[in-house]
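**Student:** Input structure: coords.cif, which contains mmCIF, N, CA and C atoms.
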```cif
data_coords
#
loop_
_atom_site.label_atom_id
_atom_site.label_comp_id
_atom_site.auth_asym_id
_atom_site.auth_seq_id
_atom_site.Cartn_x
_atom_site.Cartn_y
_atom_site.Cartn_z
N MET J 22 -207.34 -166.99 -37.49
CA MET J 22 -208.69 -166.54 -37.32
C MET J 22 -208.85 -165.09 -37.76
N GLY J 23 -207.82 -164.30 -37.59
CA GLY J 23 -207.92 -162.90 -37.98
C GLY J 23 -207.96 -162.69 -39.47
N ARG J 24 -207.62 -163.70 -40.24
CA ARG J 24 -207.63 -163.58 -41.70
C ARG J 24 -209.02 -163.85 -42.29
N SER J 25 -209.93 -164.36 -41.48
CA SER J 25 -211.29 -164.62 -41.93
C SER J 25 -212.11 -163.35 -41.85
N LEU J 26 -212.76 -162.98 -42.92
CA LEU J 26 -213.58 -161.77 -42.92
C LEU J 26 -214.75 -161.88 -41.95
N TRP J 27 -215.25 -163.09 -41.73
CA TRP J 27 -216.38 -163.26 -40.82
C TRP J 27 -215.99 -162.95 -39.38
N LEU J 28 -214.72 -162.98 -39.05
CA LEU J 28 -214.28 -162.70 -37.68
C LEU J 28 -213.67 -161.31 -37.52
N SER J 29 -213.36 -160.64 -38.61
CA SER J 29 -212.69 -159.35 -38.50
C SER J 29 -213.50 -158.17 -39.04
N CYS J 30 -214.64 -158.41 -39.64
CA CYS J 30 -215.46 -157.32 -40.18
C CYS J 30 -216.72 -157.17 -39.33
N PRO J 31 -217.03 -155.95 -38.92
CA PRO J 31 -218.24 -155.76 -38.13
C PRO J 31 -219.49 -155.88 -38.99
N ARG J 32 -220.53 -156.46 -38.42
CA ARG J 32 -221.82 -156.56 -39.10
C ARG J 32 -222.76 -155.52 -38.51
N LYS J 33 -223.51 -154.87 -39.35
CA LYS J 33 -224.45 -153.84 -38.89
C LYS J 33 -225.84 -154.43 -38.65
N ASP J 34 -226.09 -155.62 -39.18
CA ASP J 34 -227.40 -156.24 -39.01
C ASP J 34 -227.21 -157.75 -38.84
N LEU J 35 -228.29 -158.48 -38.79
CA LEU J 35 -228.23 -159.93 -38.57
C LEU J 35 -228.37 -160.73 -39.86
N SER J 36 -228.20 -160.09 -41.00
CA SER J 36 -228.36 -160.80 -42.26
C SER J 36 -227.21 -161.78 -42.47
N MET J 37 -227.46 -162.79 -43.26
CA MET J 37 -226.45 -163.81 -43.55
C MET J 37 -225.98 -163.72 -44.99
N GLY J 38 -226.17 -162.59 -45.63
CA GLY J 38 -225.80 -162.41 -47.02
C GLY J 38 -224.29 -162.33 -47.23
N TRP J 39 -223.92 -161.91 -48.41
CA TRP J 39 -222.52 -161.80 -48.79
C TRP J 39 -221.81 -160.77 -47.91
N LEU J 40 -220.63 -161.10 -47.45
CA LEU J 40 -219.88 -160.20 -46.58
C LEU J 40 -218.85 -159.46 -47.41
N ASP J 41 -218.98 -158.16 -47.45
CA ASP J 41 -218.06 -157.32 -48.20
C ASP J 41 -217.67 -156.15 -47.32
N CYS J 42 -216.42 -156.15 -46.87
CA CYS J 42 -215.97 -155.05 -46.03
C CYS J 42 -214.46 -154.90 -46.16
N TYR J 43 -213.97 -153.86 -45.53
CA TYR J 43 -212.55 -153.59 -45.49
C TYR J 43 -212.09 -153.73 -44.05
N PRO J 44 -211.35 -154.79 -43.71
CA PRO J 44 -210.92 -154.96 -42.32
C PRO J 44 -210.00 -153.83 -41.90
N GLY J 45 -210.05 -153.50 -40.62
CA GLY J 45 -209.22 -152.43 -40.10
C GLY J 45 -207.75 -152.81 -40.09
N SER J 46 -206.93 -151.86 -39.68
CA SER J 46 -205.48 -152.09 -39.70
C SER J 46 -205.05 -153.15 -38.70
N MET J 47 -205.86 -153.44 -37.70
CA MET J 47 -205.52 -154.48 -36.73
C MET J 47 -205.51 -155.86 -37.37
N PHE J 48 -206.18 -156.01 -38.50
CA PHE J 48 -206.30 -157.30 -39.16
C PHE J 48 -205.53 -157.37 -40.47
N LYS J 49 -204.60 -156.47 -40.68
CA LYS J 49 -203.72 -156.50 -41.85
C LYS J 49 -202.36 -157.01 -41.41
N ALA J 50 -201.84 -157.98 -42.13
CA ALA J 50 -200.56 -158.59 -41.77
C ALA J 50 -199.41 -157.59 -41.94
N LYS J 51 -198.51 -157.63 -40.98
CA LYS J 51 -197.27 -156.85 -41.07
C LYS J 51 -196.12 -157.85 -41.14
N TYR J 52 -195.17 -157.56 -42.01
CA TYR J 52 -194.05 -158.47 -42.23
C TYR J 52 -192.81 -157.95 -41.53
N TYR J 53 -192.11 -158.87 -40.86
CA TYR J 53 -190.90 -158.53 -40.13
C TYR J 53 -189.74 -159.37 -40.65
N SER J 54 -188.63 -158.74 -40.91
CA SER J 54 -187.46 -159.43 -41.43
C SER J 54 -186.70 -160.12 -40.30
N LEU J 55 -186.24 -161.33 -40.57
CA LEU J 55 -185.45 -162.09 -39.60
C LEU J 55 -183.97 -162.10 -39.94
N GLN J 56 -183.57 -161.37 -40.97
CA GLN J 56 -182.20 -161.40 -41.45
C GLN J 56 -181.15 -161.13 -40.37
N PRO J 57 -181.32 -160.14 -39.51
CA PRO J 57 -180.26 -159.87 -38.52
C PRO J 57 -180.12 -160.96 -37.45
N TRP J 58 -181.15 -161.80 -37.28
CA TRP J 58 -181.14 -162.74 -36.16
C TRP J 58 -180.94 -164.19 -36.55
N VAL J 59 -181.13 -164.53 -37.81
CA VAL J 59 -181.01 -165.95 -38.21
C VAL J 59 -179.90 -166.10 -39.24
N PRO J 60 -179.28 -167.27 -39.30
CA PRO J 60 -178.23 -167.50 -40.30
C PRO J 60 -178.81 -167.56 -41.71
N SER J 61 -177.96 -167.41 -42.69
CA SER J 61 -178.43 -167.34 -44.09
C SER J 61 -179.02 -168.66 -44.58
N TRP J 62 -178.64 -169.78 -43.99
CA TRP J 62 -179.17 -171.07 -44.44
C TRP J 62 -180.56 -171.35 -43.87
N PHE J 63 -181.04 -170.54 -42.93
CA PHE J 63 -182.35 -170.75 -42.32
C PHE J 63 -183.43 -170.52 -43.36
N PRO J 64 -184.44 -171.41 -43.46
CA PRO J 64 -185.41 -171.31 -44.56
C PRO J 64 -186.36 -170.11 -44.49
N PHE J 65 -186.57 -169.54 -43.33
CA PHE J 65 -187.51 -168.42 -43.21
C PHE J 65 -186.73 -167.12 -43.03
N HIS J 66 -186.99 -166.16 -43.89
CA HIS J 66 -186.28 -164.88 -43.82
C HIS J 66 -187.18 -163.76 -43.33
N GLU J 67 -188.50 -164.01 -43.27
CA GLU J 67 -189.42 -163.04 -42.72
C GLU J 67 -190.63 -163.76 -42.14
N VAL J 68 -191.27 -163.11 -41.19
CA VAL J 68 -192.49 -163.64 -40.59
C VAL J 68 -193.56 -162.57 -40.67
N SER J 69 -194.81 -163.00 -40.65
CA SER J 69 -195.91 -162.04 -40.68
C SER J 69 -196.76 -162.23 -39.43
N PHE J 70 -197.18 -161.12 -38.86
CA PHE J 70 -198.05 -161.11 -37.70
C PHE J 70 -199.16 -160.11 -37.93
N LEU J 71 -200.33 -160.42 -37.39
CA LEU J 71 -201.40 -159.45 -37.34
C LEU J 71 -201.24 -158.66 -36.04
N PRO J 72 -201.43 -157.36 -36.06
CA PRO J 72 -201.30 -156.60 -34.81
C PRO J 72 -202.23 -157.11 -33.71
N VAL J 73 -203.37 -157.65 -34.06
CA VAL J 73 -204.28 -158.19 -33.06
C VAL J 73 -203.68 -159.41 -32.36
N GLN J 74 -202.76 -160.10 -33.02
CA GLN J 74 -202.11 -161.26 -32.41
C GLN J 74 -201.19 -160.83 -31.27
N LYS J 75 -200.61 -159.64 -31.36
CA LYS J 75 -199.78 -159.14 -30.27
C LYS J 75 -200.63 -158.90 -29.03
N HIS J 76 -201.82 -158.37 -29.21
CA HIS J 76 -202.71 -158.14 -28.08
C HIS J 76 -203.19 -159.48 -27.50
N ALA J 77 -203.48 -160.43 -28.35
CA ALA J 77 -203.89 -161.75 -27.88
C ALA J 77 -202.77 -162.42 -27.09
N LEU J 78 -201.53 -162.22 -27.52
CA LEU J 78 -200.39 -162.77 -26.79
C LEU J 78 -200.27 -162.12 -25.41
N ALA J 79 -200.47 -160.82 -25.32
CA ALA J 79 -200.41 -160.13 -24.03
C ALA J 79 -201.49 -160.67 -23.08
N PHE J 80 -202.71 -160.84 -23.59
CA PHE J 80 -203.78 -161.38 -22.76
C PHE J 80 -203.49 -162.82 -22.35
N GLY J 81 -203.00 -163.61 -23.26
CA GLY J 81 -202.70 -165.01 -22.96
C GLY J 81 -201.60 -165.16 -21.92
N LEU J 82 -200.54 -164.36 -22.05
CA LEU J 82 -199.45 -164.42 -21.07
C LEU J 82 -199.93 -163.99 -19.69
N PHE J 83 -200.73 -162.94 -19.64
CA PHE J 83 -201.23 -162.49 -18.34
C PHE J 83 -202.18 -163.53 -17.74
N ALA J 84 -203.09 -164.06 -18.56
CA ALA J 84 -204.07 -165.02 -18.06
C ALA J 84 -203.42 -166.31 -17.56
N SER J 85 -202.32 -166.71 -18.16
CA SER J 85 -201.69 -167.96 -17.74
C SER J 85 -200.67 -167.80 -16.64
N SER J 86 -200.15 -166.59 -16.45
CA SER J 86 -199.09 -166.44 -15.46
C SER J 86 -199.49 -165.62 -14.24
N ILE J 87 -200.30 -164.59 -14.39
CA ILE J 87 -200.61 -163.69 -13.28
C ILE J 87 -202.02 -163.91 -12.73
N ALA J 88 -203.01 -164.10 -13.58
CA ALA J 88 -204.40 -164.20 -13.14
C ALA J 88 -204.64 -165.33 -12.12
N PRO J 89 -203.98 -166.48 -12.22
CA PRO J 89 -204.21 -167.51 -11.19
C PRO J 89 -203.87 -167.06 -9.77
N PHE J 90 -203.05 -166.03 -9.64
CA PHE J 90 -202.72 -165.53 -8.31
C PHE J 90 -203.88 -164.75 -7.68
N GLY J 91 -204.95 -164.54 -8.43
CA GLY J 91 -206.14 -163.92 -7.87
C GLY J 91 -206.70 -164.75 -6.73
N GLY J 92 -206.58 -166.06 -6.84
CA GLY J 92 -207.02 -166.95 -5.76
C GLY J 92 -206.21 -166.74 -4.50
N PHE J 93 -204.91 -166.55 -4.64
CA PHE J 93 -204.06 -166.30 -3.47
C PHE J 93 -204.42 -164.95 -2.84
N PHE J 94 -204.68 -163.96 -3.68
CA PHE J 94 -205.07 -162.65 -3.18
C PHE J 94 -206.38 -162.73 -2.40
N ALA J 95 -207.37 -163.44 -2.97
CA ALA J 95 -208.66 -163.59 -2.30
C ALA J 95 -208.51 -164.37 -1.00
N SER J 96 -207.67 -165.38 -1.00
CA SER J 96 -207.44 -166.17 0.21
C SER J 96 -206.79 -165.31 1.30
N GLY J 97 -205.82 -164.50 0.93
CA GLY J 97 -205.19 -163.60 1.90
C GLY J 97 -206.16 -162.58 2.44
N PHE J 98 -207.02 -162.10 1.57
CA PHE J 98 -208.04 -161.13 1.98
C PHE J 98 -208.98 -161.76 3.00
N LYS J 99 -209.41 -163.01 2.74
CA LYS J 99 -210.29 -163.70 3.68
C LYS J 99 -209.60 -163.96 5.01
N ARG J 100 -208.34 -164.36 4.97
CA ARG J 100 -207.60 -164.62 6.22
C ARG J 100 -207.43 -163.35 7.04
N ALA J 101 -207.21 -162.24 6.39
CA ALA J 101 -207.03 -160.97 7.10
C ALA J 101 -208.30 -160.58 7.86
N PHE J 102 -209.46 -160.90 7.30
CA PHE J 102 -210.72 -160.56 7.94
C PHE J 102 -211.36 -161.75 8.64
N LYS J 103 -210.63 -162.87 8.73
CA LYS J 103 -211.10 -164.08 9.41
C LYS J 103 -212.45 -164.55 8.88
N ILE J 104 -212.53 -164.62 7.56
CA ILE J 104 -213.74 -165.10 6.88
C ILE J 104 -213.41 -166.45 6.25
N LYS J 105 -214.29 -167.45 6.43
CA LYS J 105 -214.03 -168.74 5.82
C LYS J 105 -214.39 -168.74 4.33
N ASP J 106 -215.57 -168.28 4.02
CA ASP J 106 -216.04 -168.23 2.64
C ASP J 106 -216.63 -166.86 2.36
N PHE J 107 -216.63 -166.47 1.07
CA PHE J 107 -217.24 -165.20 0.69
C PHE J 107 -218.77 -165.29 0.63
N GLY J 108 -219.29 -166.47 0.59
CA GLY J 108 -220.74 -166.63 0.52
C GLY J 108 -221.12 -168.08 0.63
N ASP J 109 -222.43 -168.33 0.62
CA ASP J 109 -222.91 -169.71 0.71
C ASP J 109 -223.87 -170.06 -0.42
N SER J 110 -223.76 -169.34 -1.53
CA SER J 110 -224.66 -169.61 -2.66
C SER J 110 -224.35 -170.93 -3.34
N ILE J 111 -223.10 -171.38 -3.28
CA ILE J 111 -222.71 -172.69 -3.79
C ILE J 111 -222.19 -173.48 -2.59
N PRO J 112 -223.02 -174.32 -1.98
CA PRO J 112 -222.60 -175.02 -0.76
C PRO J 112 -221.33 -175.85 -0.97
N GLY J 113 -220.37 -175.66 -0.08
CA GLY J 113 -219.13 -176.41 -0.14
C GLY J 113 -218.08 -175.80 -1.06
N HIS J 114 -218.42 -174.76 -1.78
CA HIS J 114 -217.47 -174.14 -2.71
C HIS J 114 -217.11 -172.71 -2.35
N GLY J 115 -217.69 -172.16 -1.32
CA GLY J 115 -217.30 -170.83 -0.88
C GLY J 115 -218.00 -169.67 -1.56
N GLY J 116 -219.00 -169.93 -2.34
CA GLY J 116 -219.73 -168.83 -2.97
C GLY J 116 -219.22 -168.47 -4.35
N ILE J 117 -219.95 -167.59 -4.98
CA ILE J 117 -219.62 -167.15 -6.35
C ILE J 117 -218.27 -166.45 -6.38
N THR J 118 -217.97 -165.62 -5.40
CA THR J 118 -216.73 -164.86 -5.41
C THR J 118 -215.51 -165.78 -5.36
N ASP J 119 -215.61 -166.88 -4.60
CA ASP J 119 -214.48 -167.81 -4.55
C ASP J 119 -214.26 -168.50 -5.89
N ARG J 120 -215.29 -168.64 -6.69
CA ARG J 120 -215.16 -169.27 -8.01
C ARG J 120 -214.68 -168.28 -9.07
N MET J 121 -214.83 -166.99 -8.81
CA MET J 121 -214.57 -165.99 -9.84
C MET J 121 -213.36 -165.10 -9.54
N ASP J 122 -212.50 -165.45 -8.59
CA ASP J 122 -211.42 -164.55 -8.21
C ASP J 122 -210.42 -164.33 -9.34
N CYS J 123 -210.11 -165.35 -10.11
CA CYS J 123 -209.18 -165.17 -11.23
C CYS J 123 -209.80 -164.29 -12.33
N GLN J 124 -211.10 -164.45 -12.54
CA GLN J 124 -211.77 -163.63 -13.55
C GLN J 124 -211.80 -162.16 -13.15
N MET J 125 -211.86 -161.91 -11.85
CA MET J 125 -211.84 -160.51 -11.40
C MET J 125 -210.50 -159.86 -11.69
N VAL J 126 -209.42 -160.59 -11.46
CA VAL J 126 -208.09 -160.06 -11.78
C VAL J 126 -207.97 -159.84 -13.29
N MET J 127 -208.49 -160.76 -14.07
CA MET J 127 -208.45 -160.63 -15.53
C MET J 127 -209.30 -159.46 -16.01
N ALA J 128 -210.42 -159.20 -15.35
CA ALA J 128 -211.27 -158.07 -15.72
C ALA J 128 -210.55 -156.74 -15.47
N VAL J 129 -209.85 -156.63 -14.35
CA VAL J 129 -209.10 -155.40 -14.06
C VAL J 129 -208.00 -155.20 -15.10
N PHE J 130 -207.28 -156.29 -15.42
CA PHE J 130 -206.23 -156.20 -16.43
C PHE J 130 -206.80 -155.78 -17.78
N SER J 131 -207.93 -156.37 -18.18
CA SER J 131 -208.55 -156.05 -19.46
C SER J 131 -208.95 -154.58 -19.53
N TYR J 132 -209.52 -154.06 -18.44
CA TYR J 132 -209.93 -152.67 -18.42
C TYR J 132 -208.71 -151.74 -18.54
N ILE J 133 -207.68 -152.00 -17.76
CA ILE J 133 -206.47 -151.16 -17.81
C ILE J 133 -205.79 -151.26 -19.17
N TYR J 134 -205.73 -152.46 -19.72
CA TYR J 134 -205.10 -152.67 -21.04
C TYR J 134 -205.86 -151.91 -22.12
N TYR J 135 -207.18 -151.97 -22.06
CA TYR J 135 -207.99 -151.30 -23.07
C TYR J 135 -207.90 -149.78 -22.95
N GLN J 136 -207.83 -149.27 -21.73
CA GLN J 136 -207.78 -147.83 -21.52
C GLN J 136 -206.41 -147.22 -21.85
N SER J 137 -205.36 -148.03 -21.84
CA SER J 137 -204.03 -147.47 -22.11
C SER J 137 -203.60 -147.62 -23.55
#
```
If you convert what's in this file into structure tokens, what do you get?
**Tutor:**
Amino acid sequence: MGRSLWLSCPRKDLSMGWLDCYPGSMFKAKYYSLQPWVPSWFPFHEVSFLPVQKHALAFGLFASSIAPFGGFFASGFKRAFKIKDFGDSIPGHGGITDRMDCQMVMAVFSYIYYQS
């Protein structure tokens, strides 16, 4: 997806005309040699990655391994204060906060990741 100009070039207006831009360095492939790690008969001697793919991998790993624990954190928080649900806006589901606890953990991670 990062190799498509429509996904990597910013648009200044809503026109649908010809797209002509220079993608930033985040969308330029970098090549890495595999020579020290693979045997000589292995068919691939180098791989290419876009720097933006490294960031996507970091977000994906965090979202799949750590963010689901936001529910456990919210549950512990409710038990500490002896609260059954955070709200009653969605009857039987515990409110909006109970549905969004993983997204809150992901939002904090995204903010810290972006700032560092």
**Student:** From the DSSP assignment of the backbone, select every residue of chain J that is strand (DSSP E), and format the answer as JSON, numbers by chain.
**Tutor:** {"J": [51, 52, 53, 54, 67, 68, 69, 70]}
**Student:** Could you expand the PyMOL selection byres ((chain J and resi 51-59) around 8) into the explicit residues it covers here, written as a list in words?
**Tutor:**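 Output from the PyMOL selection byres ((chain J and resi 51-59) around 8), applied to this file: Phe48, Lys49, Ala50, Pro60, Ser61, Trp62, Phe63, Phe65, His66, Glu67, Val68, Ser69, Phe70, Leu71 and Pro72 of chain J.
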**Student:** Once you have the residues from the selection above, write them out as an mmCIF file, in the coordinates of the input, restricted to N, CA and C atoms.
**Tutor:**
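Done, and the output landed in again-v6.cif:
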```
data_model
loop_
_atom_site.group_PDB
_atom_site.id
_atom_site.type_symbol
_atom_site.label_atom_id
_atom_site.label_comp_id
_atom_site.auth_asym_id
_atom_site.auth_seq_id
_atom_site.Cartn_x
_atom_site.Cartn_y
_atom_site.Cartn_z
ATOM 1 N N PHE J 48 -206.180 -156.010 -38.500
ATOM 2 C CA PHE J 48 -206.300 -157.300 -39.160
ATOM 3 C C PHE J 48 -205.530 -157.370 -40.470
ATOM 4 N N LYS J 49 -204.600 -156.470 -40.680
ATOM 5 C CA LYS J 49 -203.720 -156.500 -41.850
ATOM 6 C C LYS J 49 -202.360 -157.010 -41.410
ATOM 7 N N ALA J 50 -201.840 -157.980 -42.130
ATOM 8 C CA ALA J 50 -200.560 -158.590 -41.770
ATOM 9 C C ALA J 50 -199.410 -157.590 -41.940
ATOM 10 N N PRO J 60 -179.280 -167.270 -39.300
ATOM 11 C CA PRO J 60 -178.230 -167.500 -40.300
ATOM 12 C C PRO J 60 -178.810 -167.560 -41.710
ATOM 13 N N SER J 61 -177.960 -167.410 -42.690
ATOM 14 C CA SER J 61 -178.430 -167.340 -44.090
ATOM 15 C C SER J 61 -179.020 -168.660 -44.580
ATOM 16 N N TRP J 62 -178.640 -169.780 -43.990
ATOM 17 C CA TRP J 62 -179.170 -171.070 -44.440
ATOM 18 C C TRP J 62 -180.560 -171.350 -43.870
ATOM 19 N N PHE J 63 -181.040 -170.540 -42.930
ATOM 20 C CA PHE J 63 -182.350 -170.750 -42.320
ATOM 21 C C PHE J 63 -183.430 -170.520 -43.360
ATOM 22 N N PHE J 65 -186.570 -169.540 -43.330
ATOM 23 C CA PHE J 65 -187.510 -168.420 -43.210
ATOM 24 C C PHE J 65 -186.730 -167.120 -43.030
ATOM 25 N N HIS J 66 -186.990 -166.160 -43.890
ATOM 26 C CA HIS J 66 -186.280 -164.880 -43.820
ATOM 27 C C HIS J 66 -187.180 -163.760 -43.330
ATOM 28 N N GLU J 67 -188.500 -164.010 -43.270
ATOM 29 C CA GLU J 67 -189.420 -163.040 -42.720
ATOM 30 C C GLU J 67 -190.630 -163.760 -42.140
ATOM 31 N N VAL J 68 -191.270 -163.110 -41.190
ATOM 32 C CA VAL J 68 -192.490 -163.640 -40.590
ATOM 33 C C VAL J 68 -193.560 -162.570 -40.670
ATOM 34 N N SER J 69 -194.810 -163.000 -40.650
ATOM 35 C CA SER J 69 -195.910 -162.040 -40.680
ATOM 36 C C SER J 69 -196.760 -162.230 -39.430
ATOM 37 N N PHE J 70 -197.180 -161.120 -38.860
ATOM 38 C CA PHE J 70 -198.050 -161.110 -37.700
ATOM 39 C C PHE J 70 -199.160 -160.110 -37.930
ATOM 40 N N LEU J 71 -200.330 -160.420 -37.390
ATOM 41 C CA LEU J 71 -201.400 -159.450 -37.340
ATOM 42 C C LEU J 71 -201.240 -158.660 -36.040
ATOM 43 N N PRO J 72 -201.430 -157.360 -36.060
ATOM 44 C CA PRO J 72 -201.300 -156.600 -34.810
ATOM 45 C C PRO J 72 -202.230 -157.110 -33.710
#
```
**Student:** Evaluate the PyMOL selection byres (((chain J and resi 127 and name CA) around 9) and name CA) against this structure - the residues, as a PyMOL selection string, please.
**Tutor:** chain J and resi 80+83-84+87-88+91+122-126+128-132
**Student:** Among chain J, which ones does DSSP place in helix (DSSP H, G or I), written as JSON, numbers by chain?
**Tutor:** {"J": [26, 27, 28, 29, 46, 47, 48, 72, 73, 74, 75, 76, 77, 78, 79, 80, 81, 82, 83, 84, 85, 86, 88, 89, 90, 91, 92, 93, 94, 95, 96, 97, 98, 99, 100, 101, 116, 117, 118, 119, 120, 122, 123, 124, 125, 126, 127, 128, 129, 130, 131, 132, 133, 134, 135, 136]}
**Student:** What does the distance from CA of Ser86 (chain J) to CA of Lys99 (chain J) come to in Å, to one decimal?
**Tutor:**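 These two atoms are separated by 22.3 Å.
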**Student:** Padding 4 Å on every side, please: axis-aligned box over the listed atoms of region 78-81 of chain J, centre and edge lengths to one decimal in Å, as JSON.
**Tutor:**
```
{"center_x": -202.0, "center_y": -162.6, "center_z": -24.7, "size_x": 11.5, "size_y": 13.0, "size_z": 13.6}
```
**Student:** CA of Trp39 (chain J) and CA of Ser25 (chain J) are how many Å apart?
**Tutor:**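 CA of Ser25 (chain J) lies 13.5 Å from CA of Trp39 (chain J).
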**Student:** Take CA of Gly92 (chain J) and CA of Ala77 (chain J) and report the distance between them in Å, one decimal.
**Tutor:** 22.9 Å
**Student:** Would you mind putting N, CA, C and O atoms back on region 79-95 of chain J and writing the result as a PDB file, keeping the file's coordinate frame?
**Tutor:**
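Printed below is selection18.pdb as written:
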```
ATOM      1  N   ALA J  79    -200.470-160.820 -25.320  1.00  0.00           N
ATOM      2  CA  ALA J  79    -200.410-160.130 -24.030  1.00  0.00           C
ATOM      3  C   ALA J  79    -201.490-160.670 -23.080  1.00  0.00           C
ATOM      4  O   ALA J  79    -201.211-160.950 -21.905  1.00  0.00           O
ATOM      5  N   PHE J  80    -202.710-160.840 -23.590  1.00  0.00           N
ATOM      6  CA  PHE J  80    -203.780-161.380 -22.760  1.00  0.00           C
ATOM      7  C   PHE J  80    -203.490-162.820 -22.350  1.00  0.00           C
ATOM      8  O   PHE J  80    -203.722-163.214 -21.206  1.00  0.00           O
ATOM      9  N   GLY J  81    -203.000-163.610 -23.260  1.00  0.00           N
ATOM     10  CA  GLY J  81    -202.700-165.010 -22.960  1.00  0.00           C
ATOM     11  C   GLY J  81    -201.600-165.160 -21.920  1.00  0.00           C
ATOM     12  O   GLY J  81    -201.703-165.991 -21.016  1.00  0.00           O
ATOM     13  N   LEU J  82    -200.540-164.360 -22.050  1.00  0.00           N
ATOM     14  CA  LEU J  82    -199.450-164.420 -21.070  1.00  0.00           C
ATOM     15  C   LEU J  82    -199.930-163.990 -19.690  1.00  0.00           C
ATOM     16  O   LEU J  82    -199.593-164.620 -18.679  1.00  0.00           O
ATOM     17  N   PHE J  83    -200.730-162.940 -19.640  1.00  0.00           N
ATOM     18  CA  PHE J  83    -201.230-162.490 -18.340  1.00  0.00           C
ATOM     19  C   PHE J  83    -202.180-163.530 -17.740  1.00  0.00           C
ATOM     20  O   PHE J  83    -202.096-163.847 -16.548  1.00  0.00           O
ATOM     21  N   ALA J  84    -203.090-164.060 -18.560  1.00  0.00           N
ATOM     22  CA  ALA J  84    -204.070-165.020 -18.060  1.00  0.00           C
ATOM     23  C   ALA J  84    -203.420-166.310 -17.560  1.00  0.00           C
ATOM     24  O   ALA J  84    -203.905-166.924 -16.616  1.00  0.00           O
ATOM     25  N   SER J  85    -202.320-166.710 -18.160  1.00  0.00           N
ATOM     26  CA  SER J  85    -201.690-167.960 -17.740  1.00  0.00           C
ATOM     27  C   SER J  85    -200.670-167.800 -16.640  1.00  0.00           C
ATOM     28  O   SER J  85    -200.366-168.762 -15.945  1.00  0.00           O
ATOM     29  N   SER J  86    -200.150-166.590 -16.450  1.00  0.00           N
ATOM     30  CA  SER J  86    -199.090-166.440 -15.460  1.00  0.00           C
ATOM     31  C   SER J  86    -199.490-165.620 -14.240  1.00  0.00           C
ATOM     32  O   SER J  86    -199.090-165.929 -13.121  1.00  0.00           O
ATOM     33  N   ILE J  87    -200.300-164.590 -14.390  1.00  0.00           N
ATOM     34  CA  ILE J  87    -200.610-163.690 -13.280  1.00  0.00           C
ATOM     35  C   ILE J  87    -202.020-163.910 -12.730  1.00  0.00           C
ATOM     36  O   ILE J  87    -202.214-163.910 -11.519  1.00  0.00           O
ATOM     37  N   ALA J  88    -203.010-164.100 -13.580  1.00  0.00           N
ATOM     38  CA  ALA J  88    -204.400-164.200 -13.140  1.00  0.00           C
ATOM     39  C   ALA J  88    -204.640-165.330 -12.120  1.00  0.00           C
ATOM     40  O   ALA J  88    -205.436-165.145 -11.212  1.00  0.00           O
ATOM     41  N   PRO J  89    -203.980-166.480 -12.220  1.00  0.00           N
ATOM     42  CA  PRO J  89    -204.210-167.510 -11.190  1.00  0.00           C
ATOM     43  C   PRO J  89    -203.870-167.060  -9.770  1.00  0.00           C
ATOM     44  O   PRO J  89    -204.361-167.628  -8.807  1.00  0.00           O
ATOM     45  N   PHE J  90    -203.050-166.030  -9.640  1.00  0.00           N
ATOM     46  CA  PHE J  90    -202.720-165.530  -8.310  1.00  0.00           C
ATOM     47  C   PHE J  90    -203.880-164.750  -7.680  1.00  0.00           C
ATOM     48  O   PHE J  90    -203.793-164.343  -6.529  1.00  0.00           O
ATOM     49  N   GLY J  91    -204.950-164.540  -8.430  1.00  0.00           N
ATOM     50  CA  GLY J  91    -206.140-163.920  -7.870  1.00  0.00           C
ATOM     51  C   GLY J  91    -206.700-164.750  -6.730  1.00  0.00           C
ATOM     52  O   GLY J  91    -207.247-164.219  -5.762  1.00  0.00           O
ATOM     53  N   GLY J  92    -206.580-166.060  -6.840  1.00  0.00           N
ATOM     54  CA  GLY J  92    -207.020-166.950  -5.760  1.00  0.00           C
ATOM     55  C   GLY J  92    -206.210-166.740  -4.500  1.00  0.00           C
ATOM     56  O   GLY J  92    -206.760-166.748  -3.385  1.00  0.00           O
ATOM     57  N   PHE J  93    -204.910-166.550  -4.640  1.00  0.00           N
ATOM     58  CA  PHE J  93    -204.060-166.300  -3.470  1.00  0.00           C
ATOM     59  C   PHE J  93    -204.420-164.950  -2.840  1.00  0.00           C
ATOM     60  O   PHE J  93    -204.436-164.802  -1.618  1.00  0.00           O
ATOM     61  N   PHE J  94    -204.680-163.960  -3.680  1.00  0.00           N
ATOM     62  CA  PHE J  94    -205.070-162.650  -3.180  1.00  0.00           C
ATOM     63  C   PHE J  94    -206.380-162.730  -2.400  1.00  0.00           C
ATOM     64  O   PHE J  94    -206.505-162.191  -1.305  1.00  0.00           O
ATOM     65  N   ALA J  95    -207.370-163.440  -2.970  1.00  0.00           N
ATOM     66  CA  ALA J  95    -208.660-163.590  -2.300  1.00  0.00           C
ATOM     67  C   ALA J  95    -208.510-164.370  -1.000  1.00  0.00           C
ATOM     68  O   ALA J  95    -209.133-164.034   0.014  1.00  0.00           O
TER      69      ALA J  95
END
```
